[in-house]
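A.B. asks: I have a structure here, written as structure tokens, and I will follow up with some questions on it.
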There are 2 protein chains.
Amino acid sequence: MSLRYAVLGLLARRPSTGYELTRTFDRSLRSSWQARHSQIYPELAKLEAADLVEVVGQGARRSKTYAITPAGRAELRRWLVEAEPDRSQRSESGLRLFLTPLLDPADRQVTYERDLAHVEQELAVLKEVHAGMEGATESEVFARQIELGIRVHTVMRGWLQEQIKASSHTGRG
Amino acid sequence: MSLRYAVLGLLARRPSTGYELTRTFDRSLRSSWQARHSQIYPELAKLEAADLVEVVGQGARRSKTYAITPAGRAELRRWLVEAEPDRSQRSESGLRLFLTPLLDPADRQVTYERDLAHVEQELAVLKEVHAGMEGATESEVFARQIELGIRVHTVMRGWLQEQIKASSHTGRG
DNA sequence: AGTACCATGTAAGCCGTTACATGATTCT
DNA sequence: AGAATCATGTAACGGCTTACATGGTACT
């Protein structure tokens, strides 16, 4: 049921069309919850039927702009604060990491190096986003979330560098 | 297609019955890839048909013990080393964190405190597992993975404590 | 006129969860 | 004898991805 609240949450930030939501899912929620337009449009229709969102304007190209209703805001808050979170995750990267001990040191190093490149790229993106938020008081809470991302990725980078160093001792000359 | 490799990977660690795999998914892969027995038994049948696993024994209660074949090992290694990882994740917790800036400081603090309790519990489990691995040379690589988990959770704990302190200044007396 | 992008929808198929169903062995 | 646990399977349903389908607007 998370899609429902992801859409509701994005509309609580600002009214949007389905097309805009699709891009926002790809830009901002890529790392935790993905959704394609083929899922978003039917979900908007369901939310509208439940009076949790409403159409507030129609633009060019027959686009419809949706906004969250007071009932939608209440439902979103209820979910965030009162509903028990589902802590389960689905992460292929986590599975891969879990299985790396099966590889011999040389193969393992290949995967660690690939992961390191990815983590460093993510870190660069996060730092850029963070730098572009200086002084924006309104998004202070959001800026702190970026800081968490930076800290977590920094820890992962350090760990990967240690593993690469360790496996280059053992597995190679 | 990750389920296939998760099963293959667990059988590369040791031969198991479907029932044992079900428990291993719940114990060891809970945090990255879940699977129920209703998914595991059909997958074992498919893997057997593809000669990636084979039945190596039948025990009491008509149980079948599966083992990975050489072809299965090759396919697993190929996936781990050569296939491009799918970095996408599906995490309700990530979505919730992304949406917390929408809450007022008092509500936000409630969610941070709930998360902190969870992170502390995870940390305790990880530290216990890590302590129970002293000197087991064979699982050295696995022990280092637990260390990564401990470091990441420690960073999250510190961050959550900071947020709670900050929101108790602003949102309350 | 053609290409690129904006914009919305539906349909088929795969994957995963929940529920249904059955039977064997062990423990009390 | 009854309960708990071991052990394996199938069926129904829901969520998500990929593919199909259509049309509007802007730019060159």
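Ordered as shown in the structure tokens, chains take letters A, B, and onward, while each chain numbers its residues from 1 and ligands are numbered from 1 in the order shown.
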Define the interface residues of chain B facing chain D as those within 9 Å, counting only C-alpha atoms (C1' of nucleotides), and report them as number ranges by chain.
C.D. replies: B: 17-19, 37-38, 41-42, 61-63
A.B. asks: Next, write the just-selected residues to a file, as an mmCIF file, in the first residue's frame, keeping all heavy atoms as the atom set.
C.D. replies:
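As a result, out21.cif now contains:
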data_model
loop_
_atom_site.group_PDB
_atom_site.id
_atom_site.type_symbol
_atom_site.label_atom_id
_atom_site.label_comp_id
_atom_site.auth_asym_id
_atom_site.auth_seq_id
_atom_site.Cartn_x
_atom_site.Cartn_y
_atom_site.Cartn_z
ATOM 1 N N THR B 17 17.331 -28.572 2.259
ATOM 2 C CA THR B 17 15.968 -28.844 1.797
ATOM 3 C C THR B 17 15.255 -27.504 1.597
ATOM 4 O O THR B 17 15.723 -26.459 2.075
ATOM 5 C CB THR B 17 15.191 -29.659 2.844
ATOM 6 O OG1 THR B 17 15.026 -28.852 4.011
ATOM 7 C CG2 THR B 17 15.950 -30.924 3.216
ATOM 8 N N GLY B 18 14.142 -27.527 0.899
ATOM 9 C CA GLY B 18 13.356 -26.320 0.722
ATOM 10 C C GLY B 18 12.939 -25.721 2.058
ATOM 11 O O GLY B 18 12.938 -24.497 2.238
ATOM 12 N N TYR B 19 12.624 -26.591 2.971
ATOM 13 C CA TYR B 19 12.199 -26.142 4.297
ATOM 14 C C TYR B 19 13.319 -25.387 5.001
ATOM 15 O O TYR B 19 13.095 -24.329 5.596
ATOM 16 C CB TYR B 19 11.769 -27.355 5.126
ATOM 17 C CG TYR B 19 11.147 -27.004 6.452
ATOM 18 C CD1 TYR B 19 9.809 -26.649 6.543
ATOM 19 C CD2 TYR B 19 11.903 -27.030 7.623
ATOM 20 C CE1 TYR B 19 9.237 -26.327 7.762
ATOM 21 C CE2 TYR B 19 11.338 -26.715 8.842
ATOM 22 C CZ TYR B 19 10.011 -26.364 8.910
ATOM 23 O OH TYR B 19 9.438 -26.043 10.113
ATOM 24 N N HIS B 37 7.959 -20.093 1.470
ATOM 25 C CA HIS B 37 8.116 -21.452 0.929
ATOM 26 C C HIS B 37 7.336 -21.625 -0.370
ATOM 27 O O HIS B 37 7.752 -22.372 -1.254
ATOM 28 C CB HIS B 37 7.692 -22.492 1.964
ATOM 29 C CG HIS B 37 6.216 -22.629 2.133
ATOM 30 N ND1 HIS B 37 5.499 -21.863 3.014
ATOM 31 C CD2 HIS B 37 5.319 -23.422 1.517
ATOM 32 C CE1 HIS B 37 4.227 -22.200 2.932
ATOM 33 N NE2 HIS B 37 4.084 -23.143 2.038
ATOM 34 N N SER B 38 6.217 -20.874 -0.499
ATOM 35 C CA SER B 38 5.390 -21.007 -1.701
ATOM 36 C C SER B 38 6.119 -20.518 -2.951
ATOM 37 O O SER B 38 5.738 -20.832 -4.066
ATOM 38 C CB SER B 38 4.080 -20.243 -1.531
ATOM 39 O OG SER B 38 4.344 -18.881 -1.291
ATOM 40 N N TYR B 41 9.754 -23.557 -3.243
ATOM 41 C CA TYR B 41 9.599 -24.902 -3.809
ATOM 42 C C TYR B 41 9.480 -24.882 -5.333
ATOM 43 O O TYR B 41 10.187 -25.650 -6.010
ATOM 44 C CB TYR B 41 8.416 -25.628 -3.159
ATOM 45 C CG TYR B 41 8.668 -26.001 -1.711
ATOM 46 C CD1 TYR B 41 7.900 -25.479 -0.677
ATOM 47 C CD2 TYR B 41 9.690 -26.884 -1.382
ATOM 48 C CE1 TYR B 41 8.145 -25.816 0.647
ATOM 49 C CE2 TYR B 41 9.937 -27.228 -0.049
ATOM 50 C CZ TYR B 41 9.160 -26.687 0.959
ATOM 51 O OH TYR B 41 9.403 -27.028 2.262
ATOM 52 N N PRO B 42 8.633 -24.024 -5.904
ATOM 53 C CA PRO B 42 8.597 -23.969 -7.380
ATOM 54 C C PRO B 42 9.937 -23.547 -7.991
ATOM 55 O O PRO B 42 10.321 -24.052 -9.038
ATOM 56 C CB PRO B 42 7.521 -22.917 -7.674
ATOM 57 C CG PRO B 42 6.675 -22.887 -6.454
ATOM 58 C CD PRO B 42 7.585 -23.185 -5.311
ATOM 59 N N ARG B 61 10.202 -37.901 6.335
ATOM 60 C CA ARG B 61 9.103 -36.982 5.985
ATOM 61 C C ARG B 61 9.192 -36.516 4.544
ATOM 62 O O ARG B 61 9.014 -35.332 4.259
ATOM 63 C CB ARG B 61 9.126 -35.756 6.899
ATOM 64 C CG ARG B 61 8.863 -36.070 8.336
ATOM 65 C CD ARG B 61 9.228 -34.878 9.188
ATOM 66 N NE ARG B 61 9.121 -35.173 10.612
ATOM 67 C CZ ARG B 61 9.682 -34.443 11.550
ATOM 68 N NH1 ARG B 61 10.363 -33.387 11.224
ATOM 69 N NH2 ARG B 61 9.531 -34.758 12.807
ATOM 70 N N ARG B 62 9.558 -37.390 3.666
ATOM 71 C CA ARG B 62 9.691 -37.133 2.222
ATOM 72 C C ARG B 62 10.408 -35.817 1.881
ATOM 73 O O ARG B 62 10.059 -35.114 0.933
ATOM 74 C CB ARG B 62 8.316 -37.200 1.518
ATOM 75 C CG ARG B 62 7.384 -36.039 1.841
ATOM 76 C CD ARG B 62 5.937 -36.328 1.570
ATOM 77 N NE ARG B 62 5.147 -35.335 2.270
ATOM 78 C CZ ARG B 62 4.176 -34.618 1.725
ATOM 79 N NH1 ARG B 62 3.826 -34.826 0.487
ATOM 80 N NH2 ARG B 62 3.520 -33.734 2.440
ATOM 81 N N SER B 63 11.391 -35.482 2.690
ATOM 82 C CA SER B 63 12.156 -34.261 2.397
ATOM 83 C C SER B 63 13.204 -34.537 1.324
ATOM 84 O O SER B 63 13.768 -35.637 1.244
ATOM 85 C CB SER B 63 12.838 -33.753 3.666
ATOM 86 O OG SER B 63 13.927 -34.575 4.000
#
A.B. asks: Using only C-alpha atoms, determine which residues of chain B fall within 8 Å of chain A; present them as a ChimeraX atom specification.
C.D. replies: /B:2,6,9,12-13,29-34,77,80-81,85-103,107-108,110-111,141-142,145,148,151-152,155-156,159
A.B. asks: Counting only C-alpha atoms (C1' of nucleotides), which residues of chain C sit at most 10 Å from some atom of chain A, and what is each one's closest atom pair with its distance in Å to one decimal, listed by chain and rising residue number, as CSV?
C.D. replies:
residue,atom,partner,partner_atom,distance
C:DC6,C1',A:Arg61,CA,7.2
C:DA7,C1',A:Ser63,CA,6.1
C:DT8,C1',A:Tyr41,CA,7.5
C:DG9,C1',A:Tyr41,CA,7.6
C:DT10,C1',A:Ser38,CA,8.6
A.B. asks: Restricting it to N, CA, C and O atoms (P, O5', C5', C4', C3', O3' and C1' of nucleotides), dump the selection as a PDB file, in the first residue's frame.
C.D. replies:
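Result written to out.pdb:
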ATOM      1  P    DC C   6       9.488  17.045 -21.699  1.00  0.00           P
ATOM      2  O5'  DC C   6       7.906  17.255 -21.714  1.00  0.00           O
ATOM      3  C5'  DC C   6       7.383  18.491 -22.198  1.00  0.00           C
ATOM      4  C4'  DC C   6       5.882  18.358 -22.389  1.00  0.00           C
ATOM      5  C3'  DC C   6       5.128  17.828 -21.159  1.00  0.00           C
ATOM      6  O3'  DC C   6       3.996  18.651 -20.946  1.00  0.00           O
ATOM      7  C1'  DC C   6       4.597  16.526 -23.063  1.00  0.00           C
ATOM      8  P    DA C   7       3.239  18.630 -19.561  1.00  0.00           P
ATOM      9  O5'  DA C   7       2.357  17.304 -19.701  1.00  0.00           O
ATOM     10  C5'  DA C   7       1.172  17.335 -20.487  1.00  0.00           C
ATOM     11  C4'  DA C   7       0.571  15.959 -20.587  1.00  0.00           C
ATOM     12  C3'  DA C   7       0.615  15.071 -19.339  1.00  0.00           C
ATOM     13  O3'  DA C   7      -0.576  15.290 -18.583  1.00  0.00           O
ATOM     14  C1'  DA C   7       0.735  13.859 -21.409  1.00  0.00           C
ATOM     15  P    DT C   8      -0.962  14.302 -17.345  1.00  0.00           P
ATOM     16  O5'  DT C   8      -1.667  13.084 -18.108  1.00  0.00           O
ATOM     17  C5'  DT C   8      -2.807  13.348 -18.899  1.00  0.00           C
ATOM     18  C4'  DT C   8      -3.313  12.064 -19.514  1.00  0.00           C
ATOM     19  C3'  DT C   8      -3.677  10.977 -18.497  1.00  0.00           C
ATOM     20  O3'  DT C   8      -5.067  10.731 -18.581  1.00  0.00           O
ATOM     21  C1'  DT C   8      -2.457  10.098 -20.349  1.00  0.00           C
ATOM     22  P    DG C   9      -5.837   9.990 -17.406  1.00  0.00           P
ATOM     23  O5'  DG C   9      -5.580   8.469 -17.789  1.00  0.00           O
ATOM     24  C5'  DG C   9      -6.556   7.921 -18.633  1.00  0.00           C
ATOM     25  C4'  DG C   9      -5.965   6.880 -19.518  1.00  0.00           C
ATOM     26  C3'  DG C   9      -5.985   5.463 -18.948  1.00  0.00           C
ATOM     27  O3'  DG C   9      -7.284   4.942 -18.934  1.00  0.00           O
ATOM     28  C1'  DG C   9      -4.214   5.887 -20.522  1.00  0.00           C
ATOM     29  P    DT C  10      -7.532   3.507 -18.329  1.00  0.00           P
ATOM     30  O5'  DT C  10      -6.957   2.503 -19.426  1.00  0.00           O
ATOM     31  C5'  DT C  10      -7.458   2.516 -20.757  1.00  0.00           C
ATOM     32  C4'  DT C  10      -6.889   1.298 -21.474  1.00  0.00           C
ATOM     33  C3'  DT C  10      -7.171  -0.023 -20.769  1.00  0.00           C
ATOM     34  O3'  DT C  10      -7.484  -0.978 -21.772  1.00  0.00           O
ATOM     35  C1'  DT C  10      -4.826   0.265 -20.997  1.00  0.00           C
TER      36       DT C  10
END
A.B. asks: Let's see if you can do this: from backbone DSSP, list all helix (DSSP H, G or I) residues in segment 50-173 of chain A, as a VMD selection string.
C.D. replies: chain A and resid 70 to 82 92 to 102 105 to 131 137 to 170
A.B. asks: Could you give me, as a list in words, each residue of chain A that DSSP assigns to strand (DSSP E or B) when run on this structure's backbone?
C.D. replies: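 DSSP on the backbone gives strand (DSSP E or B) at Ser16, Thr17, Val53, Glu54, Val55, Val56, Gly57, Gln58, Lys64, Thr65, Tyr66, Ala67, Ile68, Gln89, Arg90 and Ser91 of chain A.
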A.B. asks: Atoms to include: N, CA, C and O atoms. Write the selected residues as a PDB file, in the first residue's frame.
C.D. replies:
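Result went into selection.pdb, see below:
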ATOM      1  N   SER A  16       0.535  18.599  -8.506  1.00  0.00           N
ATOM      2  CA  SER A  16       1.274  18.151  -9.688  1.00  0.00           C
ATOM      3  C   SER A  16       0.367  17.376 -10.630  1.00  0.00           C
ATOM      4  O   SER A  16      -0.689  16.883 -10.240  1.00  0.00           O
ATOM      5  N   THR A  17       0.829  17.234 -11.863  1.00  0.00           N
ATOM      6  CA  THR A  17       0.172  16.337 -12.812  1.00  0.00           C
ATOM      7  C   THR A  17       0.793  14.948 -12.661  1.00  0.00           C
ATOM      8  O   THR A  17       1.860  14.794 -12.046  1.00  0.00           O
ATOM      9  N   VAL A  53      -7.461  13.106  -2.995  1.00  0.00           N
ATOM     10  CA  VAL A  53      -6.893  14.137  -3.873  1.00  0.00           C
ATOM     11  C   VAL A  53      -8.025  14.676  -4.749  1.00  0.00           C
ATOM     12  O   VAL A  53      -9.090  14.060  -4.852  1.00  0.00           O
ATOM     13  N   GLU A  54      -7.778  15.832  -5.384  1.00  0.00           N
ATOM     14  CA  GLU A  54      -8.780  16.403  -6.287  1.00  0.00           C
ATOM     15  C   GLU A  54      -8.088  17.093  -7.450  1.00  0.00           C
ATOM     16  O   GLU A  54      -6.939  17.503  -7.341  1.00  0.00           O
ATOM     17  N   VAL A  55      -8.801  17.217  -8.564  1.00  0.00           N
ATOM     18  CA  VAL A  55      -8.269  17.929  -9.719  1.00  0.00           C
ATOM     19  C   VAL A  55      -8.462  19.416  -9.490  1.00  0.00           C
ATOM     20  O   VAL A  55      -9.579  19.861  -9.251  1.00  0.00           O
ATOM     21  N   VAL A  56      -7.363  20.179  -9.535  1.00  0.00           N
ATOM     22  CA  VAL A  56      -7.455  21.613  -9.277  1.00  0.00           C
ATOM     23  C   VAL A  56      -7.198  22.440 -10.525  1.00  0.00           C
ATOM     24  O   VAL A  56      -7.229  23.666 -10.467  1.00  0.00           O
ATOM     25  N   GLY A  57      -6.933  21.797 -11.657  1.00  0.00           N
ATOM     26  CA  GLY A  57      -6.728  22.588 -12.868  1.00  0.00           C
ATOM     27  C   GLY A  57      -6.391  21.707 -14.046  1.00  0.00           C
ATOM     28  O   GLY A  57      -5.877  20.603 -13.888  1.00  0.00           O
ATOM     29  N   GLN A  58      -6.754  22.176 -15.232  1.00  0.00           N
ATOM     30  CA  GLN A  58      -6.415  21.446 -16.441  1.00  0.00           C
ATOM     31  C   GLN A  58      -5.640  22.360 -17.361  1.00  0.00           C
ATOM     32  O   GLN A  58      -6.109  23.447 -17.703  1.00  0.00           O
ATOM     33  N   LYS A  64      -3.978  17.144 -16.285  1.00  0.00           N
ATOM     34  CA  LYS A  64      -4.773  17.410 -15.094  1.00  0.00           C
ATOM     35  C   LYS A  64      -3.851  17.606 -13.900  1.00  0.00           C
ATOM     36  O   LYS A  64      -3.004  16.755 -13.623  1.00  0.00           O
ATOM     37  N   THR A  65      -4.020  18.721 -13.192  1.00  0.00           N
ATOM     38  CA  THR A  65      -3.214  18.957 -12.001  1.00  0.00           C
ATOM     39  C   THR A  65      -3.999  18.511 -10.770  1.00  0.00           C
ATOM     40  O   THR A  65      -5.139  18.942 -10.559  1.00  0.00           O
ATOM     41  N   TYR A  66      -3.380  17.637  -9.980  1.00  0.00           N
ATOM     42  CA  TYR A  66      -4.014  17.112  -8.767  1.00  0.00           C
ATOM     43  C   TYR A  66      -3.445  17.804  -7.537  1.00  0.00           C
ATOM     44  O   TYR A  66      -2.267  18.161  -7.494  1.00  0.00           O
ATOM     45  N   ALA A  67      -4.291  17.971  -6.507  1.00  0.00           N
ATOM     46  CA  ALA A  67      -3.836  18.480  -5.217  1.00  0.00           C
ATOM     47  C   ALA A  67      -4.386  17.589  -4.121  1.00  0.00           C
ATOM     48  O   ALA A  67      -5.424  16.930  -4.294  1.00  0.00           O
ATOM     49  N   ILE A  68      -3.683  17.541  -3.000  1.00  0.00           N
ATOM     50  CA  ILE A  68      -4.148  16.740  -1.865  1.00  0.00           C
ATOM     51  C   ILE A  68      -5.301  17.464  -1.174  1.00  0.00           C
ATOM     52  O   ILE A  68      -5.314  18.706  -1.107  1.00  0.00           O
ATOM     53  N   GLN A  89      12.876  -4.785   3.424  1.00  0.00           N
ATOM     54  CA  GLN A  89      13.446  -4.145   2.262  1.00  0.00           C
ATOM     55  C   GLN A  89      13.639  -5.179   1.171  1.00  0.00           C
ATOM     56  O   GLN A  89      13.683  -6.370   1.432  1.00  0.00           O
ATOM     57  N   ARG A  90      13.753  -4.709  -0.054  1.00  0.00           N
ATOM     58  CA  ARG A  90      14.092  -5.584  -1.169  1.00  0.00           C
ATOM     59  C   ARG A  90      15.240  -4.920  -1.911  1.00  0.00           C
ATOM     60  O   ARG A  90      15.082  -3.870  -2.506  1.00  0.00           O
ATOM     61  N   SER A  91      16.408  -5.514  -1.783  1.00  0.00           N
ATOM     62  CA  SER A  91      17.612  -4.880  -2.303  1.00  0.00           C
ATOM     63  C   SER A  91      18.519  -5.928  -2.933  1.00  0.00           C
ATOM     64  O   SER A  91      19.104  -6.763  -2.250  1.00  0.00           O
TER      65      SER A  91
END
A.B. asks: In Å, how far is it from atom CA of Leu126 of chain B to atom CA of Ile150 of chain B?
C.D. replies: 6.3 Å
A.B. asks: In Å, rounded to a single decimal, give me how far atom CA of Val7 of chain B is from atom CA of Ala45 of chain B.
C.D. replies: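 Pair atom CA of Ala45 of chain B / atom CA of Val7 of chain B returns 11.4 Å.
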